[in-house]
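A.B. asks: There's a structure below that I have some questions on.
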Amino acid sequence: MSKVEVLIFENTDQLVSGFSAYFIDLIRQKDGDFSVALSGGSTPKVWFEELAINHKIDIPWEKVHFYWGDERCVIPEDKESNYGMTKKYLLDHINIPLQNIHRIHGELPPEQAAINYERELSQKLSVNTYPIFDLVILGMGDDGHTASIFPHQIELWESANFCVVASHPVSGQHRVSISGNVINNARAVAFLVTGKNKAEKINEIIHKKPVASAYPASLVAPEKGLLHWFLDSQAAQYLYDD
Ligand code: 6PG
């Protein structure tokens with residue numbers, strides 16, 4: 001049963017600064033390479049900028065290996081690409097070896113991209129039934145999705161595969177995502193969530209309300225490690241209503 005820790009920050013700047021301190025501490029605790037699966041969407045952008053500005057040299061980037069928890073099935077140059085966004089706001093600004101970047105090849109047919117990424121995870125990470133990330137960073141959508149496991153395809157969470165092909169419920173855009181078994185096999189999992197439009201579902205998930213069982217984000221429960229919720233005050237606004 002994973003232990004849950006909720007950390008609330010007044011604003012985004014304090015949130016990303018606190019998240020960097022957590023990230024750096026985990027890296028420093030690990031002997032050898034550190035594997036992290038990044039989330040996509042817009043929230044991580046602010047954190048990537050903070051890392052690029054304030055942590056160019058105090059993080060041993062040569063031991064950090066970047067993976068992604070999910071990717072949109074687009075070319076890296078597409079504005080929708082999670083890898084492309086990370087490259088623009090972080091990777092182009094730090095001295096990290098190219099071989100430490102393990103992107104999902106969204107430009108390939110989705111099934112092929114998923115197979116290739118599953119092979120990469122098998123070859124590059126320790127595997128105990130499922131690959132073991134040192135850290136999986138997750139966002140949460142307004143609908144309670146996480147990575148690219150959406151409520152309308154919540155059955156993908158239980159896939160025995162390391163990677164699944166999902167589709168966005170509105171646009172139909174194909175996505176490649178790691179499955180729930182991989183997420184919950186990580187040594188540490190951290191949500192990074194901001195904004196008032198996430199607040200109601202955050203409250204329902206953290207207080208384990210029955211309605212939350214329909215949200216993939218409610219299924220995150222790392223078997224080995226600690227689950228941290230890094231929230232700004234807007235996303236946390238209902239948590240301590242009496
Ligand atoms: C993606 C993400 C997804 C994201 C949430 C939150 O590829 O979109 O991995 O799970 O974390 O949709 O996105 P925002 O940060 O843009 O709200």
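Each chain in the structure tokens gets a letter, A, B and so on, in the order shown; residues start at 1 in every chain, and ligands are counted from 1 in the order they appear.
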Could you report the residues within 7 Å of ligand 1, using only C-alpha atoms and all ligand atoms, as a list in words?
C.D. replies: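 After applying the 7 Å limit, what remains is Ser39, Gly40, Gly41, Ser42, Thr43, Pro44, Gly69, Asp70, Glu71, Arg72, Asn82, Leu138, Gly139, Met140, Gly141, His145, Thr146, Ala147, Ser148 and Val193 of chain A.
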A.B. asks: Do you know which residues are at most 12 Å from A:Glu77 counting only C-alpha atoms, after dropping those on the same chain fewer than 6 positions away, and could you put them as JSON, numbers by chain?
C.D. replies: {"A": [83, 84, 85, 86, 87, 88, 105, 106, 107]}
A.B. asks: Give me, as a ChimeraX atom specification, all polymer residues having an atom no more than 7 Å from A:Tyr89, counting only C-alpha atoms and skipping those fewer than 6 positions away in the same chain.
C.D. replies: /A:45,48-49
A.B. asks: Identify, on the basis of only C-alpha atoms, every residue whose closest approach to A:Val189 does not exceed 9 Å; exclude the query and any residue fewer than 6 positions from it along the same chain; express the result as a list in words.
C.D. replies: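 Result of the neighbour search: Asp134, Leu135, Val136, Ile137, Leu138, Ile183, Val220, Ala221, Pro222, Gly225, Leu226, Leu227, His228 and Trp229 of chain A.
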A.B. asks: Residues of the last selection are to be written out with N, CA, C and O atoms, as an mmCIF file, in the first residue's frame.
C.D. replies:
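File produced: out.cif:
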```
data_model
loop_
_atom_site.group_PDB
_atom_site.id
_atom_site.type_symbol
_atom_site.label_atom_id
_atom_site.label_comp_id
_atom_site.auth_asym_id
_atom_site.auth_seq_id
_atom_site.Cartn_x
_atom_site.Cartn_y
_atom_site.Cartn_z
ATOM 1 N N ASP A 134 12.818 5.124 -11.604
ATOM 2 C CA ASP A 134 13.112 5.739 -10.302
ATOM 3 C C ASP A 134 12.020 6.747 -9.944
ATOM 4 O O ASP A 134 11.642 6.887 -8.783
ATOM 5 N N LEU A 135 11.504 7.410 -10.976
ATOM 6 C CA LEU A 135 10.449 8.402 -10.729
ATOM 7 C C LEU A 135 9.535 8.471 -11.947
ATOM 8 O O LEU A 135 10.000 8.507 -13.083
ATOM 9 N N VAL A 136 8.226 8.474 -11.702
ATOM 10 C CA VAL A 136 7.254 8.776 -12.757
ATOM 11 C C VAL A 136 6.546 10.073 -12.359
ATOM 12 O O VAL A 136 5.997 10.180 -11.247
ATOM 13 N N ILE A 137 6.629 11.060 -13.239
ATOM 14 C CA ILE A 137 5.955 12.340 -12.997
ATOM 15 C C ILE A 137 4.663 12.337 -13.805
ATOM 16 O O ILE A 137 4.673 12.006 -14.996
ATOM 17 N N LEU A 138 3.572 12.684 -13.157
ATOM 18 C CA LEU A 138 2.267 12.646 -13.821
ATOM 19 C C LEU A 138 1.555 13.993 -13.709
ATOM 20 O O LEU A 138 1.705 14.708 -12.714
ATOM 21 N N ILE A 183 3.390 2.367 -14.169
ATOM 22 C CA ILE A 183 3.343 3.538 -13.275
ATOM 23 C C ILE A 183 3.446 3.086 -11.820
ATOM 24 O O ILE A 183 4.279 3.583 -11.062
ATOM 25 N N VAL A 220 -3.570 5.506 -9.358
ATOM 26 C CA VAL A 220 -2.119 5.593 -9.119
ATOM 27 C C VAL A 220 -1.846 5.245 -7.663
ATOM 28 O O VAL A 220 -2.316 5.924 -6.745
ATOM 29 N N ALA A 221 -1.110 4.152 -7.457
ATOM 30 C CA ALA A 221 -0.796 3.694 -6.082
ATOM 31 C C ALA A 221 0.494 2.883 -6.172
ATOM 32 O O ALA A 221 0.459 1.659 -6.268
ATOM 33 N N PRO A 222 1.637 3.553 -6.169
ATOM 34 C CA PRO A 222 2.909 2.832 -6.351
ATOM 35 C C PRO A 222 3.117 1.783 -5.267
ATOM 36 O O PRO A 222 3.004 2.103 -4.074
ATOM 37 N N GLY A 225 6.606 2.486 -3.443
ATOM 38 C CA GLY A 225 7.125 3.770 -2.981
ATOM 39 C C GLY A 225 6.072 4.715 -2.471
ATOM 40 O O GLY A 225 5.008 4.328 -2.009
ATOM 41 N N LEU A 226 6.439 5.937 -2.582
ATOM 42 C CA LEU A 226 5.675 7.043 -2.047
ATOM 43 C C LEU A 226 4.979 7.766 -3.196
ATOM 44 O O LEU A 226 5.546 7.904 -4.279
ATOM 45 N N LEU A 227 3.744 8.131 -2.973
ATOM 46 C CA LEU A 227 3.033 8.964 -3.947
ATOM 47 C C LEU A 227 2.962 10.380 -3.389
ATOM 48 O O LEU A 227 2.448 10.609 -2.297
ATOM 49 N N HIS A 228 3.534 11.317 -4.147
ATOM 50 C CA HIS A 228 3.465 12.728 -3.756
ATOM 51 C C HIS A 228 2.511 13.466 -4.684
ATOM 52 O O HIS A 228 2.530 13.250 -5.894
ATOM 53 N N TRP A 229 1.690 14.322 -4.082
ATOM 54 C CA TRP A 229 0.879 15.261 -4.869
ATOM 55 C C TRP A 229 1.482 16.643 -4.666
ATOM 56 O O TRP A 229 1.473 17.148 -3.528
#
```
A.B. asks: Just give me the gap between atom CA of A:Val16 and atom CA of A:Trp47 in Å, one decimal is fine.
C.D. replies: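 Between atom CA of A:Val16 and atom CA of A:Trp47 the gap is 5.1 Å.
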A.B. asks: Residues near A:Asn203, anyone? I mean within 9 Å using only C-alpha atoms, not counting same-chain ones fewer than 5 positions away, as a list in words.
C.D. replies: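 In the requested form, the answer reads Lys198, Lys208, Lys209, Ala235, Ala236, Gln237, Tyr238, Leu239 and Tyr240 of chain A.
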A.B. asks: I'd like to know which of A:Asp241, A:Ala188, A:Ser171, A:Asp142 is closest to A:Lys30, using only C-alpha atoms.
C.D. replies: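 Of A:Asp241, A:Ala188, A:Ser171, A:Asp142, the one nearest A:Lys30 is A:Ala188, counting only C-alpha atoms.
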A.B. asks: Find the distance between atom CA of A:Asp33 and atom CA of A:Ile178 and write it in Å to one decimal.
C.D. replies: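 One can read the atom CA of A:Asp33 to atom CA of A:Ile178 distance as 20.3 Å.
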A.B. asks: Find the residues near A:Leu7: any atom within 10 Å, counting only C-alpha atoms, skip ones fewer than 3 places away on the same chain, and give them as a PyMOL selection string.
C.D. replies: chain A and resi 4+15+18-19+192+228-233+236
A.B. asks: Counting only C-alpha atoms, which of A:Val74, A:Val6, A:Ile59, A:Leu156 gets nearest to A:Arg28?
C.D. replies: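 Closest to A:Arg28 of all the choices is A:Ile59.
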A.B. asks: Would you mind listing what lies within 12 Å of A:Val127 as a ChimeraX atom specification, with only C-alpha atoms counted and same-chain residues fewer than 3 positions away left out?
C.D. replies: /A:118-124,130-134,162,181-182,185-186
A.B. asks: Could you pull out the strand (DSSP E or B) residues of stretch 179-234 of chain A, going by DSSP on the backbone, and write them as a list in words?
C.D. replies: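 Written out, the strand (DSSP E or B) residues of stretch 179-234 of chain A are Ala188, Val189, Ala190, Phe191, Leu192, Val193, Leu226, Leu227, His228, Trp229, Phe230, Leu231 and Asp232 of chain A.
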A.B. asks: Just checking: using only C-alpha atoms, which residue out of A:Ile205, A:Val211, A:Ala113, A:Leu26 ends up closest to A:Val165?
C.D. replies: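 Closest to A:Val165 of all the choices is A:Ala113.
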A.B. asks: Point out the residue among A:His207, A:Arg175, A:Lys201, A:His55 with the least atom-to-atom distance to A:Ala21, counting only C-alpha atoms.
C.D. replies: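 Nearest to A:Ala21: A:His55.
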A.B. asks: Which residue is closest to A:Ser159? Choose from A:Val64, A:Leu108, A:Gly180, A:Leu125 and count only C-alpha atoms.
C.D. replies: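 Once distances to A:Ser159 are computed over only C-alpha atoms, the minimum belongs to A:Gly180.
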A.B. asks: Give the helix (DSSP H, G or I) residues of stretch 96-218 of chain A, as assigned by DSSP on the backbone, as a PyMOL selection string.
C.D. replies: chain A and resi 98-100+110-124+151-158+180-183+196-206+210-214+216-218
A.B. asks: What separation in Å, quoted to one decimal, exists between atom CA of A:Glu158 and atom CA of A:Asn116?
C.D. replies: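 Taking atom CA of A:Glu158 as the start and atom CA of A:Asn116 as the end point, the length is 20.0 Å.
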A.B. asks: Pick from A:Arg187, A:Ala114, A:Ser81, A:Asn100: nearest to A:Ala166, with only C-alpha atoms counted?
C.D. replies: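 Smallest separation from A:Ala166 among the options: A:Ala114.
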